[in-house]
Amino acid sequence: QSISGSDMFEPVHWTMSSDLGRSWSEPQPIDGLGRRSISGQMEEGVCDVVPEYHAPTRTTLAIGHNVYYKAGRLANPQGPRHPVYVVRNAEGRWSTPQKLAWDDPRGTAIYTCGCSQRTVLPDGNLLIPLSFGPKDRKDRAVTTALCKFDGQTITVLKLGTELRNAASRGLLEPSLAFLDGRHYLTLRAEDNHGHVTASDDGLSWNPPQPWAW
């Protein structure tokens with residue numbers, strides 16, 4: 001995805017390797033993950049896309065989030081923001097983009113998993129970390145969402161602990177990892193520290209702690 005300035009993203013592309021990354025196919029744009037005109041000078045695009053193979057359905061699931069531009073510049077303020085995903089099936093065809101539906105008043109301004117690493121559970125369900133905020137708050141909180149994915153649609157089943165740090169924009173860009181029977185969640189924070197927390201089930205989280213080296 002080319003970029004022409006701060007958060008000024010052009011269409012998302014895909015490429016594939018069949019020799020463990022030694023060579024790659026020519027990048028091609030993914031239909032639906034470019035900019036589209038909304039009204040007047042307003043456009044909507046997609047950025048911060050993270051692809052991952054979902055073995056149970058033999059699909060590649062790529063999730064990012066929407067972003068707004070006005071007159072060729074990043075719009076300020078932004079409209080409501082949410083995750084956007086596409087699916088590449090076993091035959092190599094990409095789906096049309098879909099919104100990850102989450103009807104919760106805590107995410108009326110934004111809920112996103114852009115730039116986030118997620119995990120696939122043994123039963124094929126997904127753990128997706130979300131950063132979110134309502135229209136009347138500047139700082140964002142983080143939680144994890146247990147989701148079903150059938151190869152076409154993501155459905156939110158259950159939410160985890162709400163984590164919060166009120167400094168500036170709060171907690172952003174959470175990512176998950178699983179190691180030795182425990183789930184770990186890293187968090188970008190705006191208090192001059194990165195944060196990390198752990199969980200046995202990926203939903204009930206300990207209070208986040210600053211990284212220590």
# chains A, B, ... in the order shown; residues from 1 in each chain; ligands from 1

$ residues_around --residues "Leu100 of chain A" --least-positions-apart "4" --cutoff "12 Å" --atoms "only C-alpha atoms" --output "number ranges by chain"
A: 62-66, 81-86, 111-114, 128, 130, 145, 147-149, 152-156

$ residues_around --residues "Leu74 of chain A" --least-positions-apart "5" --cutoff "7 Å" --atoms "only C-alpha atoms" --output "list in words"
Asp7, Met8, Tyr68 and Tyr69 of chain A

$ atom_distance --atom1 "atom CA of Gly151 of chain A" --atom2 "atom CA of Met16 of chain A"
19.7 Å

$ closest_residue --among "A:Gly202, A:Ser168, A:Arg73, A:His195" --to "Ser6 of chain A" --atoms "only C-alpha atoms"
A:Arg73

$ atom_distance --atom1 "atom CA of Lys99 of chain A" --atom2 "atom CA of Val46 of chain A"
11.1 Å

$ residues_around --residues "Ser204 of chain A" --least-positions-apart "2" --cutoff "7 Å" --atoms "only C-alpha atoms" --output "list in words"
Gly160, Thr161, Ser199, Asp201, Gly202 and Asn206 of chain A

$ closest_residue --among "A:Gln209, A:Thr57, A:Ser23, A:Gln28" --to "Val120 of chain A" --atoms "only C-alpha atoms"
A:Thr57

$ residues_around --residues "Asp191 of chain A" --least-positions-apart "6" --cutoff "12 Å" --atoms "only C-alpha atoms" --output "PyMOL selection string"
chain A and resi 139+164-172+209-211

$ write_last_selection --atoms "N, CA and C atoms" --output "PDB file, in the first residue's frame"
ATOM      1  N   ASP A 139      -9.878   9.392  25.058  1.00  0.00           N
ATOM      2  CA  ASP A 139      -9.049   8.203  25.262  1.00  0.00           C
ATOM      3  C   ASP A 139      -9.809   6.943  24.875  1.00  0.00           C
ATOM      4  N   ARG A 164      -8.085   0.110  30.242  1.00  0.00           N
ATOM      5  CA  ARG A 164      -8.093   1.550  29.980  1.00  0.00           C
ATOM      6  C   ARG A 164      -6.869   2.220  30.586  1.00  0.00           C
ATOM      7  N   ASN A 165      -6.366   3.237  29.873  1.00  0.00           N
ATOM      8  CA  ASN A 165      -5.309   4.125  30.339  1.00  0.00           C
ATOM      9  C   ASN A 165      -5.671   5.502  29.800  1.00  0.00           C
ATOM     10  N   ALA A 166      -6.005   6.436  30.666  1.00  0.00           N
ATOM     11  CA  ALA A 166      -6.622   7.689  30.243  1.00  0.00           C
ATOM     12  C   ALA A 166      -5.649   8.706  29.665  1.00  0.00           C
ATOM     13  N   ALA A 167      -4.360   8.410  29.585  1.00  0.00           N
ATOM     14  CA  ALA A 167      -3.389   9.374  29.067  1.00  0.00           C
ATOM     15  C   ALA A 167      -3.626   9.641  27.581  1.00  0.00           C
ATOM     16  N   SER A 168      -3.862  10.880  27.221  1.00  0.00           N
ATOM     17  CA  SER A 168      -4.031  11.326  25.839  1.00  0.00           C
ATOM     18  C   SER A 168      -5.069  10.460  25.113  1.00  0.00           C
ATOM     19  N   ARG A 169      -4.661   9.766  24.016  1.00  0.00           N
ATOM     20  CA  ARG A 169      -5.617   8.949  23.259  1.00  0.00           C
ATOM     21  C   ARG A 169      -5.836   7.560  23.853  1.00  0.00           C
ATOM     22  N   GLY A 170      -5.235   7.276  25.002  1.00  0.00           N
ATOM     23  CA  GLY A 170      -5.492   6.002  25.664  1.00  0.00           C
ATOM     24  C   GLY A 170      -4.666   4.859  25.092  1.00  0.00           C
ATOM     25  N   LEU A 171      -5.299   3.714  24.903  1.00  0.00           N
ATOM     26  CA  LEU A 171      -4.634   2.495  24.438  1.00  0.00           C
ATOM     27  C   LEU A 171      -4.977   2.237  22.975  1.00  0.00           C
ATOM     28  N   LEU A 172      -3.936   1.958  22.179  1.00  0.00           N
ATOM     29  CA  LEU A 172      -4.087   1.828  20.733  1.00  0.00           C
ATOM     30  C   LEU A 172      -3.355   0.586  20.230  1.00  0.00           C
ATOM     31  N   GLN A 209       0.760  -3.747  32.457  1.00  0.00           N
ATOM     32  CA  GLN A 209       1.978  -3.250  33.087  1.00  0.00           C
ATOM     33  C   GLN A 209       2.888  -2.671  32.002  1.00  0.00           C
ATOM     34  N   PRO A 210       3.639  -1.597  32.320  1.00  0.00           N
ATOM     35  CA  PRO A 210       4.618  -1.085  31.349  1.00  0.00           C
ATOM     36  C   PRO A 210       5.674  -2.130  31.033  1.00  0.00           C
ATOM     37  N   TRP A 211       6.138  -2.129  29.767  1.00  0.00           N
ATOM     38  CA  TRP A 211       7.262  -2.981  29.406  1.00  0.00           C
ATOM     39  C   TRP A 211       8.482  -2.651  30.300  1.00  0.00           C
TER      40      TRP A 211
END

$ closest_residue --among "A:Gly21, A:Pro129, A:Pro27, A:Pro134" --to "Leu187 of chain A" --atoms "only C-alpha atoms"
A:Pro129

$ closest_residue --among "A:Leu185, A:Ala177, A:Val67, A:Ala55" --to "Gly124 of chain A" --atoms "only C-alpha atoms"
A:Ala55
